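A.B. asks: After the structure tokens below, expect a handful of questions from me.
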Amino acid sequence: MDGFPQWVRGTAARQAHVGLPPGTVEEEHGRDGFYGPASHLYRTHAPTDWLAVEGPAAHRAYDLSGLTETGRWATPVLGNDDVAIGWLHLVAAPAELLRDADGDQLWFVHEGRGVLATEYGPLRYRPGDYLLLPRGTTYHPEPAEPTSVLVVEARGSRLALPERGLLGRHALFDPAVLEVPEPAPIDEPGEHTVVVKRAGAETRVTYGFHPFDVVGWKGDLAPVRLSVEDIRPVTSARYHLPPSAHSTFVGAGFVVCTFAPRPLEEDPEALRLPFFHRNVDYDEVIFYHRGQFFSRAGIDEGMLTWHPFGLHHGPQPGARARDAVAAASGNGQRRVADEVAVMIDTRRPLTPAPTASSVEVAGYVATWQPSG
């Protein structure tokens with residue numbers, strides 16, 4: 001706790017996540033994400049080796065590919081007062097222009113290519129792209145092929161880049177790789193309607209000219225595209241870094257992280273799989289975009305997992321067994337986590353939307369059982 005000394009009692013590792021005492025697993029019990037006071041408990045059993053879990057804090061998984069309804073706005077999946085997480089499926093461009101007055105929208109393109117037209121100008125998109133739409137931006141998605149997007153809406157706060165601290169402002173990705181639109185003014189006669197979403201309700205504004213008539217702009221607020229291919233994860237060969245090291249965007253009450261392909265730890269004493277933890281201050285949501293999700297079993301591309309705070313989480317038994325086999329093989333090659341996933345950690349508890357139950361994956365919490 002703040003102001004308290006570091007206590008050591010019983011059998012413990014000298015360095016967190018490295019050189020665990022034989023026959024033990026390590027669990028982190030921490031506060032304030034991975035930034036506050038914490039202790040590491042060395043157990044003889046994995047804290048996720050439960051026989052059953054019943055109640056609202058049980059871990060859940062959703063197959064978002066089952067949400068095929070099309071519309072102007074994202075289909076809600078999870079949310080609280082700070083953030084809404086949803087799924088948007090587009091087959092064709094909507095008839096009207098759109099404007100979200102409820103919050104910044106962060107899109108992560110899972111499938112499809114096309115153009116996100118905005119009053120600032122167009123941004124082309126493809127799978128693996130983040131598209132950030134500041135609150136109040138008028139836009140028009142124009143898919144060239146069916147498009148599926150994870151949508152994170154920041155309610156009441158703006159999304160920003162995280163502080164890089166000792167790593168410096170160019171770590172993970174240089175801000176220069178962020179793409180903003182060039183003006184592409186449209187002079188088109190006739191009536192043009194903008195549908196504005198405010199407090200969840202729609203207001204229609206009709207103009208006698210096209211609202212994308214912007215011939216130039218300047219400032220530090222604009223739509224932005226970031227490709228996951230431009231993210232260069234920070235890694236350590238001798239120490240397993242916490243998820244906070246992969247922070248990509250931050251909002252009030254939540255953070256968005258990106259797990260991109262990266263080498264795993266090569267020190268034989270260092271943990272490679274995520275350590276067990278019961279982070280009691282944040283709900284954890286992960287969307288799996290592509291790759292081999294090395295700490296999970298039964299999770300495919302397009303699925304989303306939700307781990308409410310209060311319960312432990314960490315690698316499943318199958319992942320631990322695979323890691324042990326790979327470590328014992330000792331082929332001399334540095335292993336790689338070949339995955340792309342988006343994590344949203346929220347300070348306030350999330351609530352599932354009614355639509356989420358239709359795509360819930362049954363029995364997900366049971367996959368931590370020793371026989372699972």
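Letters for chains follow the order of the structure tokens (A, B, ...), residue numbers begin at 1 for each chain, and ligand numbers begin at 1 in the order shown.
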For range 31-50 of chain A versus range 293-315 of chain A, which residues have an atom no more than 12 Å away, and what is each residue's nearest atom pair and distance in Å rounded to one decimal, using only C-alpha atoms, chain-then-number order, as JSON lines?
C.D. replies:
```
{"residue": "A:Arg31", "atom": "CA", "partner": "A:Phe309", "partner_atom": "CA", "distance": 11.1}
{"residue": "A:Asp32", "atom": "CA", "partner": "A:Phe309", "partner_atom": "CA", "distance": 11.8}
{"residue": "A:Gly33", "atom": "CA", "partner": "A:Phe309", "partner_atom": "CA", "distance": 10.7}
{"residue": "A:Ala46", "atom": "CA", "partner": "A:Gly314", "partner_atom": "CA", "distance": 9.0}
{"residue": "A:Pro47", "atom": "CA", "partner": "A:His312", "partner_atom": "CA", "distance": 6.5}
{"residue": "A:Thr48", "atom": "CA", "partner": "A:His312", "partner_atom": "CA", "distance": 6.1}
{"residue": "A:Asp49", "atom": "CA", "partner": "A:His312", "partner_atom": "CA", "distance": 9.8}
{"residue": "A:Trp50", "atom": "CA", "partner": "A:His312", "partner_atom": "CA", "distance": 10.0}
```
A.B. asks: Of the candidates A:Pro56, A:Pro181, A:Gly318, A:Gly121, which shows the shortest atom-to-atom distance to Trp368 in chain A, using only C-alpha atoms?
C.D. replies: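 Answer, going by the shortest atom-to-atom distance: A:Gly318.
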A.B. asks: Show which residues sit within 12 Å of Lys218 in chain A, as a PDB file with all heavy atoms, in the first residue's frame. Count only C-alpha atoms, and ignore same-chain residues fewer than 6 positions away.
C.D. replies:
```pdb
ATOM      1  N   TYR A 120     -13.179  16.368 -42.986  1.00  0.00           N
ATOM      2  CA  TYR A 120     -11.769  16.718 -43.090  1.00  0.00           C
ATOM      3  C   TYR A 120     -11.141  16.165 -44.366  1.00  0.00           C
ATOM      4  O   TYR A 120     -10.074  16.610 -44.775  1.00  0.00           O
ATOM      5  CB  TYR A 120     -10.997  16.151 -41.904  1.00  0.00           C
ATOM      6  CG  TYR A 120     -11.216  16.864 -40.592  1.00  0.00           C
ATOM      7  CD1 TYR A 120     -12.377  16.659 -39.850  1.00  0.00           C
ATOM      8  CD2 TYR A 120     -10.253  17.719 -40.080  1.00  0.00           C
ATOM      9  CE1 TYR A 120     -12.572  17.289 -38.630  1.00  0.00           C
ATOM     10  CE2 TYR A 120     -10.432  18.354 -38.868  1.00  0.00           C
ATOM     11  CZ  TYR A 120     -11.595  18.144 -38.145  1.00  0.00           C
ATOM     12  OH  TYR A 120     -11.783  18.775 -36.945  1.00  0.00           O
ATOM     13  N   VAL A 180      -3.589  11.510 -41.214  1.00  0.00           N
ATOM     14  CA  VAL A 180      -4.775  12.371 -41.165  1.00  0.00           C
ATOM     15  C   VAL A 180      -5.194  12.697 -42.590  1.00  0.00           C
ATOM     16  O   VAL A 180      -4.402  12.583 -43.531  1.00  0.00           O
ATOM     17  CB  VAL A 180      -4.497  13.666 -40.367  1.00  0.00           C
ATOM     18  CG1 VAL A 180      -4.225  13.357 -38.911  1.00  0.00           C
ATOM     19  CG2 VAL A 180      -3.341  14.444 -40.972  1.00  0.00           C
ATOM     20  N   PRO A 181      -6.451  13.080 -42.805  1.00  0.00           N
ATOM     21  CA  PRO A 181      -6.947  13.241 -44.170  1.00  0.00           C
ATOM     22  C   PRO A 181      -6.500  14.533 -44.848  1.00  0.00           C
ATOM     23  O   PRO A 181      -6.292  15.561 -44.195  1.00  0.00           O
ATOM     24  CB  PRO A 181      -8.469  13.228 -44.012  1.00  0.00           C
ATOM     25  CG  PRO A 181      -8.765  13.171 -42.563  1.00  0.00           C
ATOM     26  CD  PRO A 181      -7.497  13.227 -41.803  1.00  0.00           C
ATOM     27  N   GLU A 182      -6.371  14.446 -46.164  1.00  0.00           N
ATOM     28  CA  GLU A 182      -6.232  15.631 -47.007  1.00  0.00           C
ATOM     29  C   GLU A 182      -7.638  16.103 -47.404  1.00  0.00           C
ATOM     30  O   GLU A 182      -8.520  15.276 -47.670  1.00  0.00           O
ATOM     31  CB  GLU A 182      -5.440  15.299 -48.269  1.00  0.00           C
ATOM     32  CG  GLU A 182      -3.966  15.037 -48.030  1.00  0.00           C
ATOM     33  CD  GLU A 182      -3.195  16.302 -47.683  1.00  0.00           C
ATOM     34  OE1 GLU A 182      -3.681  17.409 -48.029  1.00  0.00           O
ATOM     35  OE2 GLU A 182      -2.130  16.181 -47.066  1.00  0.00           O
ATOM     36  N   PRO A 183      -7.866  17.417 -47.448  1.00  0.00           N
ATOM     37  CA  PRO A 183      -9.199  17.890 -47.825  1.00  0.00           C
ATOM     38  C   PRO A 183      -9.603  17.378 -49.205  1.00  0.00           C
ATOM     39  O   PRO A 183      -8.783  17.288 -50.123  1.00  0.00           O
ATOM     40  CB  PRO A 183      -9.050  19.414 -47.816  1.00  0.00           C
ATOM     41  CG  PRO A 183      -7.868  19.681 -46.946  1.00  0.00           C
ATOM     42  CD  PRO A 183      -6.942  18.530 -47.138  1.00  0.00           C
TER      43      PRO A 183
END
```
A.B. asks: For a quick check of understanding, using only C-alpha atoms, which of A:Pro175, A:Pro94, A:Pro233, A:Gly128 has the smallest distance to Pro143 in chain A?
C.D. replies: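 So, comparing all the options, the nearest one is A:Pro94.
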A.B. asks: Run DSSP on the backbone and give me the residues of range 213-344 of chain A it puts in strand (DSSP E or B), as a short mmCIF file (atom, residue, chain, number, x, y, z; two decimals) with all heavy atoms, in the first residue's frame.
C.D. replies:
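New file out_18.cif:
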```cif
data_model
loop_
_atom_site.label_atom_id
_atom_site.label_comp_id
_atom_site.auth_asym_id
_atom_site.auth_seq_id
_atom_site.Cartn_x
_atom_site.Cartn_y
_atom_site.Cartn_z
N VAL A 224 -8.05 10.20 -37.51
CA VAL A 224 -6.70 9.64 -37.55
C VAL A 224 -6.78 8.16 -37.91
O VAL A 224 -7.69 7.46 -37.47
CB VAL A 224 -6.00 9.80 -36.18
CG1 VAL A 224 -4.69 9.03 -36.14
CG2 VAL A 224 -5.75 11.27 -35.86
N ARG A 225 -5.83 7.70 -38.71
CA ARG A 225 -5.69 6.27 -38.99
C ARG A 225 -4.34 5.80 -38.45
O ARG A 225 -3.31 6.44 -38.65
CB ARG A 225 -5.75 5.98 -40.49
CG ARG A 225 -5.73 4.46 -40.82
CD ARG A 225 -5.68 4.23 -42.33
NE ARG A 225 -4.34 4.45 -42.86
CZ ARG A 225 -3.40 3.49 -42.96
NH1 ARG A 225 -3.65 2.25 -42.56
NH2 ARG A 225 -2.21 3.78 -43.46
N LEU A 226 -4.36 4.65 -37.76
CA LEU A 226 -3.13 4.00 -37.28
C LEU A 226 -3.22 2.53 -37.65
O LEU A 226 -4.16 1.84 -37.26
CB LEU A 226 -2.99 4.15 -35.76
CG LEU A 226 -1.88 3.32 -35.10
CD1 LEU A 226 -0.50 3.76 -35.57
CD2 LEU A 226 -1.98 3.38 -33.57
N SER A 227 -2.25 2.05 -38.40
CA SER A 227 -2.20 0.64 -38.76
C SER A 227 -1.48 -0.14 -37.68
O SER A 227 -0.44 0.31 -37.15
CB SER A 227 -1.48 0.45 -40.09
OG SER A 227 -1.25 -0.93 -40.34
N ARG A 232 5.23 -1.04 -32.92
CA ARG A 232 6.44 -1.80 -32.61
C ARG A 232 6.47 -2.06 -31.11
O ARG A 232 6.89 -1.21 -30.32
CB ARG A 232 7.68 -1.01 -33.05
CG ARG A 232 7.69 -0.72 -34.55
CD ARG A 232 8.82 0.21 -34.95
NE ARG A 232 8.77 0.50 -36.37
CZ ARG A 232 9.40 -0.20 -37.31
NH1 ARG A 232 10.14 -1.25 -36.95
NH2 ARG A 232 9.30 0.13 -38.58
N SER A 247 -0.10 -0.09 -24.14
CA SER A 247 -1.15 0.94 -24.23
C SER A 247 -1.05 1.71 -25.55
O SER A 247 0.03 2.11 -25.96
CB SER A 247 -1.04 1.91 -23.06
OG SER A 247 -1.24 1.24 -21.83
N THR A 248 -2.20 1.90 -26.19
CA THR A 248 -2.25 2.59 -27.49
C THR A 248 -3.05 3.88 -27.42
O THR A 248 -2.65 4.90 -27.98
CB THR A 248 -2.86 1.65 -28.55
OG1 THR A 248 -2.24 0.37 -28.48
CG2 THR A 248 -2.68 2.22 -29.95
N PHE A 249 -4.21 3.85 -26.75
CA PHE A 249 -5.04 5.04 -26.54
C PHE A 249 -5.56 5.01 -25.11
O PHE A 249 -5.74 3.94 -24.52
CB PHE A 249 -6.24 5.05 -27.50
CG PHE A 249 -5.87 5.07 -28.97
CD1 PHE A 249 -5.85 3.89 -29.70
CD2 PHE A 249 -5.56 6.26 -29.60
CE1 PHE A 249 -5.52 3.90 -31.04
CE2 PHE A 249 -5.22 6.28 -30.96
CZ PHE A 249 -5.20 5.09 -31.67
N VAL A 250 -5.79 6.20 -24.55
CA VAL A 250 -6.34 6.30 -23.20
C VAL A 250 -7.53 7.24 -23.21
O VAL A 250 -7.56 8.24 -23.94
CB VAL A 250 -5.28 6.79 -22.19
CG1 VAL A 250 -4.18 5.76 -22.03
CG2 VAL A 250 -4.69 8.13 -22.60
N GLY A 251 -8.53 6.90 -22.41
CA GLY A 251 -9.68 7.75 -22.19
C GLY A 251 -9.96 7.82 -20.69
O GLY A 251 -9.35 7.10 -19.90
N PHE A 254 -10.76 4.36 -18.85
CA PHE A 254 -10.42 3.15 -19.60
C PHE A 254 -9.16 3.38 -20.42
O PHE A 254 -8.72 4.50 -20.64
CB PHE A 254 -11.57 2.69 -20.50
CG PHE A 254 -11.83 3.57 -21.69
CD1 PHE A 254 -11.34 3.23 -22.94
CD2 PHE A 254 -12.59 4.73 -21.57
CE1 PHE A 254 -11.58 4.03 -24.05
CE2 PHE A 254 -12.83 5.54 -22.67
CZ PHE A 254 -12.33 5.19 -23.92
N VAL A 255 -8.58 2.26 -20.87
CA VAL A 255 -7.39 2.29 -21.71
C VAL A 255 -7.55 1.25 -22.80
O VAL A 255 -8.17 0.20 -22.58
CB VAL A 255 -6.10 2.04 -20.87
CG1 VAL A 255 -6.15 0.67 -20.20
CG2 VAL A 255 -4.84 2.17 -21.70
N VAL A 256 -7.00 1.52 -23.99
CA VAL A 256 -7.01 0.58 -25.11
C VAL A 256 -5.56 0.17 -25.38
O VAL A 256 -4.71 1.03 -25.57
CB VAL A 256 -7.63 1.21 -26.37
CG1 VAL A 256 -7.57 0.24 -27.55
CG2 VAL A 256 -9.07 1.65 -26.10
N CYS A 257 -5.31 -1.14 -25.37
CA CYS A 257 -3.97 -1.67 -25.62
C CYS A 257 -4.01 -2.55 -26.87
O CYS A 257 -5.06 -3.09 -27.22
CB CYS A 257 -3.48 -2.50 -24.44
SG CYS A 257 -3.47 -1.61 -22.86
N THR A 258 -2.86 -2.71 -27.50
CA THR A 258 -2.75 -3.54 -28.70
C THR A 258 -1.67 -4.59 -28.49
O THR A 258 -0.51 -4.25 -28.21
CB THR A 258 -2.38 -2.69 -29.94
OG1 THR A 258 -3.29 -1.60 -30.05
CG2 THR A 258 -2.44 -3.55 -31.20
N PHE A 259 -2.06 -5.85 -28.60
CA PHE A 259 -1.09 -6.94 -28.58
C PHE A 259 -0.75 -7.27 -30.03
O PHE A 259 -1.55 -7.86 -30.75
CB PHE A 259 -1.66 -8.16 -27.86
CG PHE A 259 -2.00 -7.90 -26.41
CD1 PHE A 259 -3.28 -8.13 -25.93
CD2 PHE A 259 -1.04 -7.41 -25.54
CE1 PHE A 259 -3.59 -7.90 -24.60
CE2 PHE A 259 -1.34 -7.16 -24.21
CZ PHE A 259 -2.63 -7.41 -23.75
N ARG A 262 5.17 -10.21 -31.47
CA ARG A 262 6.34 -9.80 -30.68
C ARG A 262 7.09 -11.03 -30.21
O ARG A 262 6.50 -12.09 -30.00
CB ARG A 262 5.89 -8.96 -29.48
CG ARG A 262 4.98 -9.73 -28.53
CD ARG A 262 4.16 -8.81 -27.63
NE ARG A 262 3.32 -9.60 -26.71
CZ ARG A 262 2.14 -10.11 -27.05
NH1 ARG A 262 1.66 -9.95 -28.27
NH2 ARG A 262 1.43 -10.80 -26.16
N PRO A 263 8.39 -10.91 -30.01
CA PRO A 263 9.16 -12.03 -29.47
C PRO A 263 8.85 -12.26 -28.00
O PRO A 263 8.60 -11.30 -27.25
CB PRO A 263 10.61 -11.59 -29.67
CG PRO A 263 10.55 -10.10 -29.73
CD PRO A 263 9.23 -9.76 -30.35
N ALA A 270 12.45 -16.64 -16.92
CA ALA A 270 11.43 -15.61 -17.02
C ALA A 270 10.10 -16.20 -17.48
O ALA A 270 10.07 -17.11 -18.32
CB ALA A 270 11.87 -14.51 -17.98
N PHE A 276 -0.68 -14.89 -13.57
CA PHE A 276 -1.99 -14.89 -12.92
C PHE A 276 -2.16 -13.58 -12.15
O PHE A 276 -1.23 -13.11 -11.49
CB PHE A 276 -2.11 -16.07 -11.96
CG PHE A 276 -2.09 -17.41 -12.64
CD1 PHE A 276 -0.96 -18.19 -12.63
CD2 PHE A 276 -3.21 -17.88 -13.31
CE1 PHE A 276 -0.93 -19.43 -13.25
CE2 PHE A 276 -3.20 -19.11 -13.94
CZ PHE A 276 -2.06 -19.88 -13.92
N HIS A 277 -3.34 -13.01 -12.24
CA HIS A 277 -3.59 -11.79 -11.48
C HIS A 277 -5.09 -11.64 -11.23
O HIS A 277 -5.92 -12.19 -11.94
CB HIS A 277 -3.02 -10.55 -12.17
CG HIS A 277 -3.51 -10.33 -13.57
ND1 HIS A 277 -3.13 -11.13 -14.62
CD2 HIS A 277 -4.33 -9.40 -14.11
CE1 HIS A 277 -3.70 -10.71 -15.74
NE2 HIS A 277 -4.44 -9.65 -15.44
N ASP A 283 -12.20 -4.06 -15.20
CA ASP A 283 -12.68 -5.13 -16.06
C ASP A 283 -11.76 -5.22 -17.26
O ASP A 283 -11.26 -4.19 -17.75
CB ASP A 283 -14.11 -4.85 -16.55
CG ASP A 283 -15.19 -5.26 -15.56
OD1 ASP A 283 -14.85 -5.51 -14.39
OD2 ASP A 283 -16.36 -5.33 -15.96
N GLU A 284 -11.54 -6.45 -17.76
CA GLU A 284 -10.64 -6.64 -18.89
C GLU A 284 -11.39 -7.26 -20.06
O GLU A 284 -12.01 -8.32 -19.92
CB GLU A 284 -9.47 -7.54 -18.49
CG GLU A 284 -8.48 -7.81 -19.63
CD GLU A 284 -7.41 -8.80 -19.23
OE1 GLU A 284 -6.50 -8.40 -18.48
OE2 GLU A 284 -7.48 -9.97 -19.67
N VAL A 285 -11.33 -6.59 -21.20
CA VAL A 285 -11.97 -7.06 -22.43
C VAL A 285 -10.88 -7.23 -23.49
O VAL A 285 -10.03 -6.34 -23.64
CB VAL A 285 -13.03 -6.07 -22.92
CG1 VAL A 285 -13.59 -6.48 -24.28
CG2 VAL A 285 -14.16 -5.94 -21.91
N ILE A 286 -10.89 -8.36 -24.19
CA ILE A 286 -9.93 -8.57 -25.28
C ILE A 286 -10.68 -9.02 -26.53
O ILE A 286 -11.47 -9.97 -26.47
CB ILE A 286 -8.84 -9.60 -24.91
CG1 ILE A 286 -8.04 -9.13 -23.70
CG2 ILE A 286 -7.89 -9.82 -26.09
CD1 ILE A 286 -6.91 -10.06 -23.31
N PHE A 287 -10.42 -8.34 -27.64
CA PHE A 287 -10.95 -8.73 -28.94
C PHE A 287 -9.82 -9.37 -29.73
O PHE A 287 -8.72 -8.81 -29.85
CB PHE A 287 -11.48 -7.52 -29.71
CG PHE A 287 -11.87 -7.85 -31.12
CD1 PHE A 287 -12.99 -8.59 -31.39
CD2 PHE A 287 -11.07 -7.44 -32.18
CE1 PHE A 287 -13.33 -8.92 -32.70
CE2 PHE A 287 -11.40 -7.76 -33.48
CZ PHE A 287 -12.54 -8.51 -33.74
N TYR A 288 -10.07 -10.55 -30.27
CA TYR A 288 -9.04 -11.33 -30.96
C TYR A 288 -9.21 -11.15 -32.47
O TYR A 288 -10.18 -11.60 -33.06
CB TYR A 288 -9.16 -12.80 -30.56
CG TYR A 288 -8.93 -13.00 -29.08
CD1 TYR A 288 -9.97 -12.87 -28.17
CD2 TYR A 288 -7.66 -13.28 -28.59
CE1 TYR A 288 -9.75 -13.03 -26.81
CE2 TYR A 288 -7.44 -13.44 -27.23
CZ TYR A 288 -8.49 -13.31 -26.34
OH TYR A 288 -8.28 -13.46 -25.00
N HIS A 289 -8.25 -10.47 -33.08
CA HIS A 289 -8.33 -10.12 -34.50
C HIS A 289 -7.77 -11.22 -35.39
O HIS A 289 -8.44 -11.71 -36.29
CB HIS A 289 -7.60 -8.80 -34.73
CG HIS A 289 -7.44 -8.43 -36.17
ND1 HIS A 289 -8.50 -8.34 -37.05
CD2 HIS A 289 -6.32 -8.13 -36.91
CE1 HIS A 289 -8.06 -7.99 -38.25
NE2 HIS A 289 -6.74 -7.87 -38.19
N ARG A 290 -6.53 -11.60 -35.15
CA ARG A 290 -5.93 -12.67 -35.97
C ARG A 290 -4.73 -13.26 -35.24
O ARG A 290 -4.18 -12.66 -34.31
CB ARG A 290 -5.49 -12.15 -37.34
CG ARG A 290 -4.35 -11.15 -37.31
CD ARG A 290 -3.78 -10.91 -38.70
NE ARG A 290 -2.76 -9.88 -38.72
CZ ARG A 290 -1.48 -10.09 -38.41
NH1 ARG A 290 -1.09 -11.30 -38.03
NH2 ARG A 290 -0.62 -9.09 -38.46
N GLY A 291 -4.33 -14.47 -35.68
CA GLY A 291 -3.13 -15.09 -35.15
C GLY A 291 -3.42 -16.29 -34.28
O GLY A 291 -4.53 -16.82 -34.25
N MET A 303 -13.66 -13.18 -31.96
CA MET A 303 -14.27 -13.36 -30.65
C MET A 303 -13.79 -12.28 -29.67
O MET A 303 -12.73 -11.69 -29.85
CB MET A 303 -13.97 -14.75 -30.09
CG MET A 303 -14.70 -15.87 -30.79
SD MET A 303 -14.45 -17.45 -29.94
CE MET A 303 -15.52 -18.51 -30.91
N LEU A 304 -14.59 -12.08 -28.64
CA LEU A 304 -14.29 -11.09 -27.61
C LEU A 304 -14.49 -11.75 -26.25
O LEU A 304 -15.49 -12.43 -26.03
CB LEU A 304 -15.19 -9.87 -27.77
CG LEU A 304 -15.06 -8.73 -26.76
CD1 LEU A 304 -15.25 -7.37 -27.47
CD2 LEU A 304 -16.10 -8.86 -25.65
N THR A 305 -13.51 -11.57 -25.35
CA THR A 305 -13.64 -12.10 -23.99
C THR A 305 -13.79 -10.95 -23.01
O THR A 305 -13.27 -9.85 -23.21
CB THR A 305 -12.43 -12.95 -23.60
OG1 THR A 305 -11.23 -12.16 -23.66
CG2 THR A 305 -12.29 -14.16 -24.52
N TRP A 306 -14.51 -11.25 -21.92
CA TRP A 306 -14.76 -10.24 -20.87
C TRP A 306 -14.47 -10.89 -19.52
O TRP A 306 -15.11 -11.88 -19.16
CB TRP A 306 -16.20 -9.75 -20.95
CG TRP A 306 -16.66 -8.92 -19.79
CD1 TRP A 306 -15.93 -7.99 -19.10
CD2 TRP A 306 -17.96 -8.94 -19.19
NE1 TRP A 306 -16.69 -7.43 -18.11
CE2 TRP A 306 -17.94 -7.98 -18.14
CE3 TRP A 306 -19.13 -9.65 -19.45
CZ2 TRP A 306 -19.06 -7.75 -17.34
CZ3 TRP A 306 -20.24 -9.41 -18.65
CH2 TRP A 306 -20.20 -8.46 -17.61
N HIS A 307 -13.48 -10.36 -18.81
CA HIS A 307 -13.12 -10.84 -17.49
C HIS A 307 -13.45 -9.75 -16.47
O HIS A 307 -12.67 -8.81 -16.29
CB HIS A 307 -11.63 -11.19 -17.43
CG HIS A 307 -11.23 -12.27 -18.38
ND1 HIS A 307 -9.90 -12.57 -18.64
CD2 HIS A 307 -11.96 -13.13 -19.13
CE1 HIS A 307 -9.85 -13.57 -19.51
NE2 HIS A 307 -11.08 -13.91 -19.83
N HIS A 313 -7.55 -14.25 -13.30
CA HIS A 313 -7.41 -14.70 -14.68
C HIS A 313 -5.93 -14.83 -15.01
O HIS A 313 -5.06 -14.33 -14.33
CB HIS A 313 -8.16 -13.85 -15.70
CG HIS A 313 -7.93 -12.37 -15.61
ND1 HIS A 313 -8.52 -11.58 -14.67
CD2 HIS A 313 -7.20 -11.54 -16.37
CE1 HIS A 313 -8.18 -10.32 -14.85
NE2 HIS A 313 -7.36 -10.26 -15.87
N VAL A 336 7.89 -16.51 -30.73
CA VAL A 336 7.16 -15.29 -31.07
C VAL A 336 5.69 -15.47 -30.74
O VAL A 336 5.10 -16.53 -31.00
CB VAL A 336 7.32 -14.95 -32.57
CG1 VAL A 336 6.43 -13.78 -32.96
CG2 VAL A 336 8.78 -14.64 -32.88
N ALA A 337 5.08 -14.46 -30.14
CA ALA A 337 3.63 -14.41 -29.97
C ALA A 337 3.05 -13.84 -31.25
O ALA A 337 3.11 -12.64 -31.50
CB ALA A 337 3.27 -13.54 -28.77
N GLU A 339 0.18 -12.85 -32.80
CA GLU A 339 -1.22 -12.51 -32.56
C GLU A 339 -1.42 -11.01 -32.73
O GLU A 339 -0.49 -10.22 -32.59
CB GLU A 339 -1.63 -12.92 -31.14
CG GLU A 339 -0.87 -12.16 -30.06
CD GLU A 339 -1.31 -12.52 -28.65
OE1 GLU A 339 -2.22 -13.34 -28.49
OE2 GLU A 339 -0.74 -11.96 -27.69
N VAL A 340 -2.67 -10.65 -33.05
CA VAL A 340 -3.10 -9.26 -33.00
C VAL A 340 -4.41 -9.24 -32.24
O VAL A 340 -5.38 -9.91 -32.62
CB VAL A 340 -3.30 -8.65 -34.40
CG1 VAL A 340 -3.86 -7.23 -34.28
CG2 VAL A 340 -1.99 -8.63 -35.18
N ALA A 341 -4.42 -8.52 -31.14
CA ALA A 341 -5.62 -8.44 -30.30
C ALA A 341 -5.71 -7.04 -29.70
O ALA A 341 -4.70 -6.35 -29.53
CB ALA A 341 -5.58 -9.49 -29.19
N VAL A 342 -6.93 -6.63 -29.40
CA VAL A 342 -7.19 -5.31 -28.82
C VAL A 342 -7.75 -5.52 -27.41
O VAL A 342 -8.71 -6.27 -27.23
CB VAL A 342 -8.21 -4.52 -29.66
CG1 VAL A 342 -8.53 -3.18 -29.00
CG2 VAL A 342 -7.69 -4.31 -31.07
N MET A 343 -7.13 -4.90 -26.42
CA MET A 343 -7.60 -5.00 -25.04
C MET A 343 -8.17 -3.67 -24.59
O MET A 343 -7.58 -2.61 -24.84
CB MET A 343 -6.45 -5.40 -24.11
CG MET A 343 -6.91 -5.65 -22.68
SD MET A 343 -5.57 -6.21 -21.58
CE MET A 343 -4.83 -4.64 -21.17
N ILE A 344 -9.33 -3.72 -23.94
CA ILE A 344 -9.94 -2.54 -23.33
C ILE A 344 -10.09 -2.82 -21.85
O ILE A 344 -10.82 -3.74 -21.46
CB ILE A 344 -11.31 -2.19 -23.95
CG1 ILE A 344 -11.20 -2.04 -25.47
CG2 ILE A 344 -11.88 -0.93 -23.34
CD1 ILE A 344 -11.89 -3.11 -26.25
#
```
A.B. asks: Give me, as a tab-separated table, the closest atom pair and its distance (Å, one decimal) for every residue of range 151-210 of chain A within a cut-off of 12 Å of range 71-76 of chain A, counting only C-alpha atoms, rows sorted by chain and rising number.
C.D. replies:
```
residue	atom	partner	partner_atom	distance
A:Val151	CA	A:Ala74	CA	6.6
A:Val152	CA	A:Ala74	CA	9.1
A:Glu153	CA	A:Ala74	CA	9.5
A:Val194	CA	A:Arg72	CA	11.5
A:Val195	CA	A:Arg72	CA	9.1
A:Val196	CA	A:Arg72	CA	10.6
A:Lys197	CA	A:Trp73	CA	9.0
A:Gly200	CA	A:Trp73	CA	10.0
A:Ala201	CA	A:Trp73	CA	11.2
A:Glu202	CA	A:Arg72	CA	10.7
```
A.B. asks: Filtering to C-alpha atoms, could you give me those residues as a compact mmCIF listing (two decimals), in the first residue's frame?
C.D. replies:
```
# COMPACT_ATOMS: atom_id res chain seq x y z
CA VAL A 151 -16.23 0.19 -32.10
CA VAL A 152 -15.10 1.76 -28.81
CA GLU A 153 -17.00 4.94 -27.93
CA VAL A 194 -26.71 14.46 -41.41
CA VAL A 195 -27.99 12.10 -38.71
CA VAL A 196 -26.71 13.26 -35.32
CA LYS A 197 -26.62 10.83 -32.38
CA GLY A 200 -28.63 7.84 -27.89
CA ALA A 201 -31.35 9.62 -29.86
CA GLU A 202 -31.20 10.77 -33.50
```
A.B. asks: Env of Gly190 in chain A: 8 Å cut, atoms = only C-alpha atoms, seq-sep filter 6 positions within chain, self excluded. Answer as a ChimeraX atom specification.
C.D. replies: /A:208-210
A.B. asks: Would you export the selected residues with N, CA and C atoms as a tab-separated table (two decimals), in the first residue's frame, please?
C.D. replies:
```tsv
chain	number	residue	atom	x	y	z
A	208	GLY	N	-28.90	22.25	-47.96
A	208	GLY	CA	-29.05	22.42	-49.40
A	208	GLY	C	-27.72	22.36	-50.12
A	209	PHE	N	-26.68	21.93	-49.43
A	209	PHE	CA	-25.35	21.75	-50.02
A	209	PHE	C	-24.71	20.56	-49.31
A	210	HIS	N	-23.62	20.06	-49.87
A	210	HIS	CA	-22.96	18.92	-49.25
A	210	HIS	C	-22.09	19.39	-48.09
```
A.B. asks: Using only C-alpha atoms, which of A:Pro127, A:Pro242, A:Gly165, A:Gly136 sits nearest Val149 in chain A?
C.D. replies: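 The closest residue to Val149 in chain A is A:Pro127.
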A.B. asks: Record the distance separating CA of Ser65 in chain A and CA of Ala160 in chain A, expressed in Å with one decimal.
C.D. replies: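 These atoms are spaced 28.5 Å apart.
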A.B. asks: As an exercise, work out the distance from CA of Glu269 in chain A to CA of Gly19 in chain A in Å and give it to one decimal place.
C.D. replies: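 If I compute the distance from CA of Glu269 in chain A to CA of Gly19 in chain A, I get 4.7 Å.
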